[in-house]
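One file, data-v5.cif, carrying mmCIF, C-alpha atoms:
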```cif
data_start
#
loop_
_atom_site.label_atom_id
_atom_site.label_comp_id
_atom_site.auth_asym_id
_atom_site.auth_seq_id
_atom_site.Cartn_x
_atom_site.Cartn_y
_atom_site.Cartn_z
CA MET A 5 53.98 -6.38 50.53
CA LYS A 6 53.56 -8.81 53.41
CA MET A 7 56.34 -11.22 54.37
CA ASP A 8 55.98 -13.83 57.07
CA LEU A 9 59.01 -14.44 59.25
CA ILE A 10 59.90 -18.09 59.60
CA VAL A 11 62.78 -18.87 61.94
CA PRO A 12 63.87 -22.51 61.84
CA ARG A 13 64.99 -23.74 65.23
CA PRO A 14 66.95 -26.96 65.68
CA ALA A 15 65.58 -29.51 68.12
CA PRO A 16 67.63 -29.63 71.36
CA THR A 17 69.94 -32.62 71.54
CA ALA A 18 72.34 -33.90 74.17
CA ALA A 19 75.32 -32.70 72.12
CA ALA A 20 73.94 -29.21 71.69
CA GLY A 21 75.84 -27.75 74.67
CA PRO A 22 74.83 -25.81 77.80
CA SER A 23 72.36 -23.52 76.03
CA ALA A 24 70.25 -26.49 75.03
CA THR A 25 69.72 -27.45 78.66
CA ALA A 26 68.81 -23.91 79.83
CA ALA A 27 65.26 -22.97 80.69
CA PRO A 28 63.19 -22.57 77.55
CA SER A 29 62.39 -18.96 76.59
CA PRO A 30 58.79 -17.84 76.02
CA ALA A 31 59.47 -17.71 72.25
CA THR A 32 60.19 -21.39 72.05
CA THR A 33 57.06 -22.28 73.98
CA ALA A 34 54.72 -20.15 71.85
CA ALA A 35 52.85 -21.84 69.10
CA ALA A 36 54.06 -21.36 65.54
CA GLU A 37 51.11 -19.15 64.57
CA ASP A 38 51.76 -16.87 67.58
CA ARG A 39 55.23 -16.13 66.27
CA SER A 40 53.92 -14.89 62.95
CA THR A 41 55.67 -11.61 62.05
CA ALA A 42 55.43 -9.37 59.00
CA PHE A 43 58.11 -7.10 57.50
CA ARG A 44 56.60 -3.94 56.03
CA PRO A 45 58.57 -1.21 54.23
CA VAL A 46 58.42 2.42 55.34
CA GLN A 47 55.93 4.23 53.12
CA GLY A 48 57.59 6.77 50.77
CA GLY A 49 60.82 6.25 48.84
CA THR A 50 62.93 8.98 50.38
CA GLU A 51 62.36 7.79 53.91
CA MET A 52 64.12 4.55 53.05
CA GLN A 53 67.46 6.36 52.63
CA SER A 54 69.47 7.58 55.55
CA GLY A 55 70.93 11.00 54.81
CA GLU A 56 73.88 10.39 57.12
CA LYS A 57 74.75 7.13 55.38
CA LEU A 58 74.51 8.70 51.91
CA LEU A 59 76.71 11.61 53.03
CA VAL A 60 79.38 9.28 54.37
CA GLU A 61 79.22 7.18 51.19
CA ALA A 62 79.62 10.29 49.04
CA TYR A 63 82.65 11.53 51.00
CA ALA A 64 84.19 8.07 51.02
CA ALA A 65 83.72 7.84 47.24
CA ILE A 66 85.51 11.17 46.76
CA TRP A 67 88.49 9.98 48.78
CA VAL A 68 88.62 6.61 47.08
CA ILE A 69 88.57 8.19 43.60
CA LEU A 70 91.27 10.72 44.47
CA PHE A 71 93.31 8.05 46.24
CA VAL A 72 93.16 5.75 43.21
CA MET A 73 94.30 8.59 40.93
CA VAL A 74 97.17 9.53 43.27
CA LEU A 75 98.20 5.88 43.66
CA LEU A 76 98.22 5.26 39.90
CA SER A 77 100.23 8.46 39.33
CA TRP A 78 102.70 7.55 42.06
CA ARG A 79 103.21 4.05 40.65
CA ARG A 80 103.74 5.44 37.16
CA GLN A 81 106.16 8.07 38.48
CA ARG A 82 108.14 5.46 40.42
CA HIS A 83 108.36 3.16 37.42
CA LEU A 84 109.59 6.04 35.25
CA ASP A 85 112.14 7.17 37.87
CA ASP A 86 113.54 3.64 38.25
CA ARG A 87 113.79 3.15 34.52
CA MET A 88 115.42 6.55 33.97
CA THR A 89 117.97 6.00 36.74
CA THR A 90 118.97 2.61 35.33
CA LEU A 91 119.15 3.87 31.77
CA ALA A 92 121.04 7.04 32.70
CA ALA A 93 123.64 5.03 34.65
CA ALA A 94 124.07 2.66 31.70
CA ILE A 95 124.52 5.59 29.30
CA ASP A 96 127.10 7.28 31.59
CA LYS A 97 128.99 4.01 31.83
CA ALA A 98 128.93 3.50 28.06
CA ARG A 99 130.12 7.06 27.47
CA ALA A 100 132.96 6.68 29.96
CA ALA A 101 134.02 3.41 28.32
CA ALA A 102 133.94 5.08 24.90
CA ASP A 103 135.96 8.11 26.16
CA VAL A 104 138.82 6.10 27.75
CA PRO A 105 140.09 4.45 24.53
CA ALA A 106 139.72 7.78 22.73
CA ASP A 107 141.85 9.55 25.39
CA ALA A 108 144.42 6.75 25.36
CA ALA A 109 144.68 6.98 21.57
CA ALA A 110 145.13 10.76 21.82
CA ASP A 111 147.94 10.30 24.43
CA LYS A 112 149.74 7.76 22.23
CA ALA A 113 149.59 10.05 19.20
CA GLY A 114 151.38 12.76 21.20
CA PRO A 115 151.99 16.38 20.15
CA MET B 7 116.15 18.98 34.32
CA PRO B 8 119.83 18.41 33.38
CA ALA B 9 121.05 19.05 29.87
CA PRO B 10 121.40 15.83 27.85
CA SER B 11 124.90 16.89 26.73
CA GLN B 12 126.17 16.55 30.28
CA THR B 13 125.92 13.30 32.23
CA ALA B 14 122.71 11.39 31.57
CA SER B 15 122.04 10.83 35.24
CA GLY B 16 122.53 14.46 36.20
CA GLY B 17 122.16 15.41 39.84
CA ALA B 18 119.47 15.23 42.49
CA ARG B 19 118.83 18.94 42.39
CA VAL B 20 115.59 20.32 43.70
CA SER B 21 114.52 22.92 41.16
CA LEU B 22 112.27 25.88 41.76
CA ALA B 23 109.45 24.04 39.99
CA ASP B 24 109.84 21.06 42.36
CA ALA B 25 109.71 23.35 45.39
CA ALA B 26 106.64 25.17 44.03
CA PHE B 27 104.93 21.84 43.36
CA GLN B 28 105.60 20.65 46.91
CA VAL B 29 104.32 23.92 48.39
CA LEU B 30 101.15 23.60 46.30
CA LEU B 31 100.71 20.00 47.42
CA VAL B 32 100.96 20.92 51.10
CA LEU B 33 98.64 23.88 50.59
CA ALA B 34 96.05 21.66 48.88
CA ALA B 35 96.21 19.12 51.73
CA ILE B 36 95.83 21.77 54.45
CA CYS B 37 93.01 23.50 52.61
CA THR B 38 91.13 20.25 52.01
CA VAL B 39 91.34 19.17 55.64
CA GLY B 40 90.25 22.66 56.74
CA THR B 41 87.31 22.58 54.34
CA LEU B 42 86.20 19.19 55.61
CA GLN B 43 86.37 20.44 59.17
CA PHE B 44 84.41 23.60 58.33
CA ILE B 45 81.70 21.73 56.44
CA ALA B 46 81.31 19.10 59.16
CA PHE B 47 81.19 21.44 62.14
CA HIS B 48 80.23 24.93 60.96
CA THR B 49 77.90 24.83 57.96
CA PRO B 50 74.28 24.50 59.08
CA THR B 51 72.08 21.56 58.15
CA GLU B 52 69.71 22.43 55.32
CA ALA B 53 66.08 22.78 56.38
CA THR B 54 64.38 20.66 53.71
CA MET B 55 66.88 17.98 52.77
CA GLY B 56 68.76 17.63 56.02
CA ILE B 57 72.40 16.64 56.40
CA VAL B 58 72.66 14.99 52.96
CA GLN B 59 72.74 18.49 51.43
CA LYS B 60 76.34 18.75 52.67
CA ILE B 61 77.31 16.71 49.60
CA PHE B 62 76.73 19.99 47.74
CA TYR B 63 79.95 21.54 49.11
CA PHE B 64 82.06 18.97 47.22
CA HIS B 65 79.69 18.00 44.40
CA VAL B 66 79.58 21.48 42.83
CA PRO B 67 83.34 22.21 43.19
CA ALA B 68 84.08 18.79 41.67
CA ALA B 69 81.89 19.69 38.68
CA TYR B 70 83.77 22.97 38.36
CA SER B 71 87.10 21.09 38.55
CA MET B 72 85.89 18.81 35.78
CA TYR B 73 85.49 21.97 33.68
CA VAL B 74 89.05 23.00 34.67
CA GLY B 75 90.41 19.64 33.50
CA ALA B 76 88.33 19.73 30.32
CA ALA B 77 89.47 23.30 29.60
CA ALA B 78 93.10 22.22 30.07
CA CYS B 79 92.49 19.33 27.68
CA PHE B 80 90.97 21.72 25.14
CA VAL B 81 93.84 24.25 25.40
CA GLY B 82 96.48 21.51 25.24
CA SER B 83 94.80 19.80 22.29
CA ALA B 84 94.35 23.03 20.34
CA GLY B 85 97.96 24.00 21.10
CA PHE B 86 99.22 20.61 19.97
CA LEU B 87 97.26 20.80 16.71
CA TYR B 88 98.79 24.25 16.17
CA ASP B 89 102.49 23.58 16.82
CA SER B 90 102.91 19.88 17.82
CA ARG B 91 105.01 20.56 20.93
CA ARG B 92 105.17 17.77 23.51
CA GLY B 93 104.18 20.12 26.38
CA TRP B 94 100.78 20.82 24.81
CA ASP B 95 100.14 17.12 24.44
CA ALA B 96 101.10 16.53 28.09
CA LEU B 97 98.70 19.29 29.17
CA ALA B 98 95.87 17.80 27.11
CA ARG B 99 96.43 14.31 28.48
CA ALA B 100 96.65 15.53 32.08
CA GLY B 101 93.52 17.63 31.59
CA ALA B 102 91.53 14.67 30.29
CA GLU B 103 92.59 12.50 33.24
CA VAL B 104 91.63 15.19 35.74
CA ALA B 105 88.30 15.67 33.93
CA VAL B 106 87.61 11.94 34.24
CA ALA B 107 88.49 11.81 37.96
CA MET B 108 86.41 14.88 38.79
CA GLY B 109 83.59 13.77 36.50
CA VAL B 110 83.39 10.41 38.24
CA ILE B 111 83.22 12.21 41.60
CA VAL B 112 80.31 14.28 40.26
CA LEU B 113 78.54 11.22 38.87
CA VAL B 114 78.92 9.29 42.13
CA THR B 115 78.09 12.02 44.64
CA GLY B 116 75.15 13.39 42.60
CA PRO B 117 73.12 10.16 42.57
CA LEU B 118 73.81 9.58 46.29
CA TRP B 119 72.33 12.99 46.99
CA ALA B 120 69.49 12.38 44.53
CA ALA B 121 68.57 9.14 46.31
CA LYS B 122 67.50 11.22 49.27
CA ALA B 123 66.31 14.38 47.51
CA TRP B 124 64.44 12.82 44.57
CA GLY B 125 63.87 9.28 45.79
CA VAL B 126 65.82 7.82 42.85
CA TYR B 127 69.53 7.53 42.14
CA TRP B 128 69.34 8.49 38.49
CA THR B 129 66.98 10.14 36.10
CA TRP B 130 67.60 11.14 32.48
CA ASP B 131 67.57 14.81 33.35
CA PRO B 132 69.30 17.02 30.70
CA ARG B 133 72.10 18.10 33.01
CA LEU B 134 72.77 14.59 34.30
CA THR B 135 72.71 13.15 30.79
CA THR B 136 75.01 15.79 29.28
CA SER B 137 77.40 15.47 32.25
CA MET B 138 77.60 11.72 31.80
CA LEU B 139 78.14 12.17 28.06
CA SER B 140 81.02 14.54 28.75
CA VAL B 141 82.67 12.15 31.23
CA LEU B 142 82.33 9.33 28.70
CA LEU B 143 84.04 11.51 26.07
CA TYR B 144 87.04 12.07 28.35
CA VAL B 145 87.08 8.39 29.32
CA ALA B 146 87.30 7.68 25.56
CA TYR B 147 90.24 10.10 25.31
CA VAL B 148 92.08 8.45 28.22
CA VAL B 149 91.44 4.94 26.89
CA LEU B 150 92.61 6.04 23.43
CA ARG B 151 95.89 7.33 24.90
CA LEU B 152 96.38 4.23 27.03
CA PHE B 153 95.78 1.58 24.42
CA THR B 154 97.02 3.08 21.19
CA GLY B 155 100.62 3.94 20.35
CA ASP B 156 102.33 7.21 21.16
CA GLY B 157 102.93 8.21 17.57
CA ASP B 158 102.21 11.56 15.99
CA ALA B 159 99.04 10.35 14.27
CA GLU B 160 97.58 9.03 17.54
CA ARG B 161 98.41 12.26 19.33
CA LYS B 162 96.74 14.32 16.63
CA PHE B 163 93.66 12.11 16.65
CA ALA B 164 93.45 12.47 20.44
CA ALA B 165 93.95 16.23 20.13
CA ALA B 166 91.01 16.42 17.73
CA LEU B 167 88.91 14.48 20.27
CA GLY B 168 90.07 16.86 23.02
CA VAL B 169 88.94 19.88 21.00
CA LEU B 170 85.61 18.35 20.00
CA GLY B 171 84.95 17.07 23.54
CA ALA B 172 84.94 20.63 24.84
CA ALA B 173 81.90 21.42 22.70
CA ASN B 174 79.70 19.63 25.24
CA LEU B 175 80.78 21.82 28.18
CA PRO B 176 78.58 24.84 27.44
CA ILE B 177 75.68 22.46 26.79
CA ILE B 178 76.07 21.03 30.33
CA HIS B 179 76.10 24.53 31.76
CA PHE B 180 73.06 25.82 29.89
CA SER B 181 71.04 22.59 29.95
CA VAL B 182 69.69 23.43 33.38
CA GLN B 183 68.57 26.85 32.13
CA LYS B 184 67.14 25.90 28.75
CA TRP B 185 65.49 22.53 29.26
CA GLY B 186 63.25 21.06 31.93
CA GLY B 187 64.39 18.46 34.44
CA ASN B 188 64.94 17.83 38.11
CA HIS B 189 68.39 19.34 38.63
CA PRO B 190 68.08 22.40 40.87
CA LYS B 191 69.48 25.88 40.24
CA VAL B 192 71.07 27.28 43.37
CA ILE B 193 74.09 29.44 42.66
CA THR B 194 73.72 29.88 38.90
CA SER B 195 71.53 32.65 37.46
CA GLY B 196 67.93 32.34 38.63
CA GLY B 197 68.87 30.17 41.60
CA GLY B 198 67.70 30.80 45.14
CA GLY B 199 71.22 31.12 46.53
CA LEU B 200 72.67 30.07 49.86
CA GLN B 201 70.77 31.57 52.74
CA HIS B 202 73.44 31.43 55.44
CA PRO B 203 76.92 33.02 55.48
CA ASP B 204 78.55 29.75 56.64
CA MET B 205 77.00 27.94 53.67
CA LYS B 206 78.67 30.49 51.36
CA ILE B 207 82.01 30.12 53.14
CA GLY B 208 81.73 26.31 52.97
CA LEU B 209 81.12 26.43 49.22
CA LEU B 210 83.94 28.94 48.72
CA LEU B 211 86.34 26.70 50.64
CA GLY B 212 85.16 23.75 48.55
CA PHE B 213 85.98 25.67 45.37
CA VAL B 214 89.43 26.65 46.66
CA SER B 215 90.22 23.07 47.76
CA PHE B 216 89.10 21.47 44.54
CA THR B 217 90.91 24.08 42.44
CA LEU B 218 94.12 23.29 44.32
CA ILE B 219 93.55 19.53 44.00
CA ALA B 220 92.85 19.88 40.26
CA VAL B 221 95.98 22.03 39.72
CA VAL B 222 98.16 19.61 41.72
CA LEU B 223 96.86 16.63 39.75
CA LEU B 224 97.23 18.46 36.44
CA TRP B 225 100.77 19.49 37.23
CA TRP B 226 101.73 16.05 38.48
CA ARG B 227 100.33 14.24 35.45
CA MET B 228 102.08 16.73 33.16
CA ARG B 229 105.39 16.11 34.92
CA ILE B 230 104.91 12.37 34.52
CA ASP B 231 104.14 12.76 30.84
CA LEU B 232 107.18 14.97 30.29
CA ALA B 233 109.35 12.52 32.26
CA SER B 234 108.00 9.81 29.99
CA SER B 235 109.13 11.79 26.96
CA ARG B 236 112.58 12.31 28.55
CA LEU B 237 112.74 8.54 29.08
CA ALA B 238 111.96 8.02 25.39
CA ASP B 239 114.90 10.34 24.54
CA LEU B 240 117.19 8.36 26.87
CA GLU B 241 116.07 5.10 25.29
CA GLN B 242 116.89 6.51 21.86
CA GLU B 243 120.31 7.65 23.12
CA ALA B 244 120.94 4.23 24.65
CA LEU B 245 120.02 2.60 21.36
CA GLU B 246 122.51 4.81 19.51
CA LEU B 247 125.24 3.88 22.01
CA GLY B 248 124.45 0.21 21.48
CA ILE B 249 123.13 -0.42 24.99
CA GLY B 250 120.70 -3.32 24.96
CA GLU B 251 117.77 -3.89 27.30
CA ASP B 252 119.07 -4.24 30.89
#
```
Here is the file; what I need is its structure written in the form of structure tokens.
Amino acid sequence: MKMDLIVPRPAPTAAAGPSATAAPSPATTAAAEDRSTAFRPVQGGTEMQSGEKLLVEAYAAIWVILFVMVLLSWRRQRHLDDRMTTLAAAIDKARAAADVPADAAADKAGP
Amino acid sequence: MPAPSQTASGGARVSLADAAFQVLLVLAAICTVGTLQFIAFHTPTEATMGIVQKIFYFHVPAAYSMYVGAAACFVGSAGFLYDSRRGWDALARAGAEVAVAMGVIVLVTGPLWAAKAWGVYWTWDPRLTTSMLSVLLYVAYVVLRLFTGDGDAERKFAAALGVLGAANLPIIHFSVQKWGGNHPKVITSGGGGLQHPDMKIGLLLGFVSFTLIAVVLLWWRMRIDLASSRLADLEQEALELGIGED
């Protein structure tokens, strides 16, 4: 597949800053047809993949998956712990409140 | 865990199980870092495929760990169908979640390796297809447990799925032997094997690391599930004592 490279360049203006007043580079002086460039793919599918990049992606994926699982477990554990602590404290308090009148009634009844 | 007949809050005791879990966690972390270091700096680059072959040292152990999770799910499900104890159900649920996590690792790392080795990310090779089918089965199990109630009927239905899901595991294993396809045989019967001692050590370390990671995750998820059941007991107790929400 042949692709022609077309790079639009703005016309220099007075407000364009210092770079607009610098000496023109050879690229800007060349005619449009001289700047014609083609992008061609490397022949062969496997050559298009960098082994190093794929390796890093694979290892990163492993860590992301494990991290997500650990994070979800940790959040669930924390939610459960908070809920259990609150509920257990409420139950202890309710039991203590229920025991006090019972003890007082037992004291009043006497031997 | 404190007895419910004592105070509900109990104490902040560190039990033997907690200590063992923490030791296992530290061991898994050390072993994983050591394995990474060994694979990065000691295992040689493979002659044909180049450095991308190093995915192998985690891809294969992750597949094995998926089997560990699936086996735990099968044992827990069968146990639950037999005697309906909450511990079996927790084991089955934890196993399915580990199988999904490890299965996703396999299904992500495999195609990244295939992109270099085969020139395509995915092909409907028997082993790839059966592996994906298995992961989807365990995803179905996890979704079922997340979005349905926690009643006895739902647990039994999930347990049946956990038992039936295991039927695909031997098919994954033997698919590479019995049917054609692209997936290579390296360490299974008929495979060419690893031709360098450091490659063998790297794979062995990968197996040890992933076994430890799988056991830690299984144990942790089981503890969470059992804590969840203890919370349900506390909520019932609170209801009987007339304690409202908050």
Inset, instruction - Kindly resolve the PyMOL selection byres ((chain A) within 9 of (chain B)) on the present coordinates and return the residues as a ChimeraX atom specification. - result: /A:48-63,65-66,69-70,73-74,77,80-81,84-85,87-96,98-99
How big is the axis-aligned box, and where does its centre sit, when it encloses all atoms of segment 154-160 of chain B listed in the file and has 5 Å added on every side, reported in Å to one decimal as JSON?
```
{"center_x": 100.0, "center_y": 7.3, "center_z": 17.7, "size_x": 15.9, "size_y": 18.5, "size_z": 16.9}
```
Inset, instruction - Would you list the contacts of segment 164-167 of chain B as a ChimeraX atom specification, taking every protein, DNA or RNA residue within 10 Å and counting only C-alpha atoms, but skipping same-chain residues closer than 6 positions in sequence? - result: /B:79-87,90,94-95,98-99,143-144,146-148,150-151,158
Inset, instruction - Would you translate the PyMOL selection byres ((chain B and resi 220) around 8) into the concrete set of residues it matches in this file, as a PyMOL selection string? - result: chain B and resi 71+74-75+104+216-219+221-224
Inset, instruction - State, in Å with one decimal place, the distance from atom CA of Val182 of chain B to atom CA of Ala100 of chain B. - result: 28.1 Å
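Atom pair atom CA of Ile45 of chain B / atom CA of Gly208 of chain B has a distance of 5.7 Å (rounded to one decimal).
Note that atom CA of Thr135 of chain B and atom CA of Gly168 of chain B are 19.4 Å apart.
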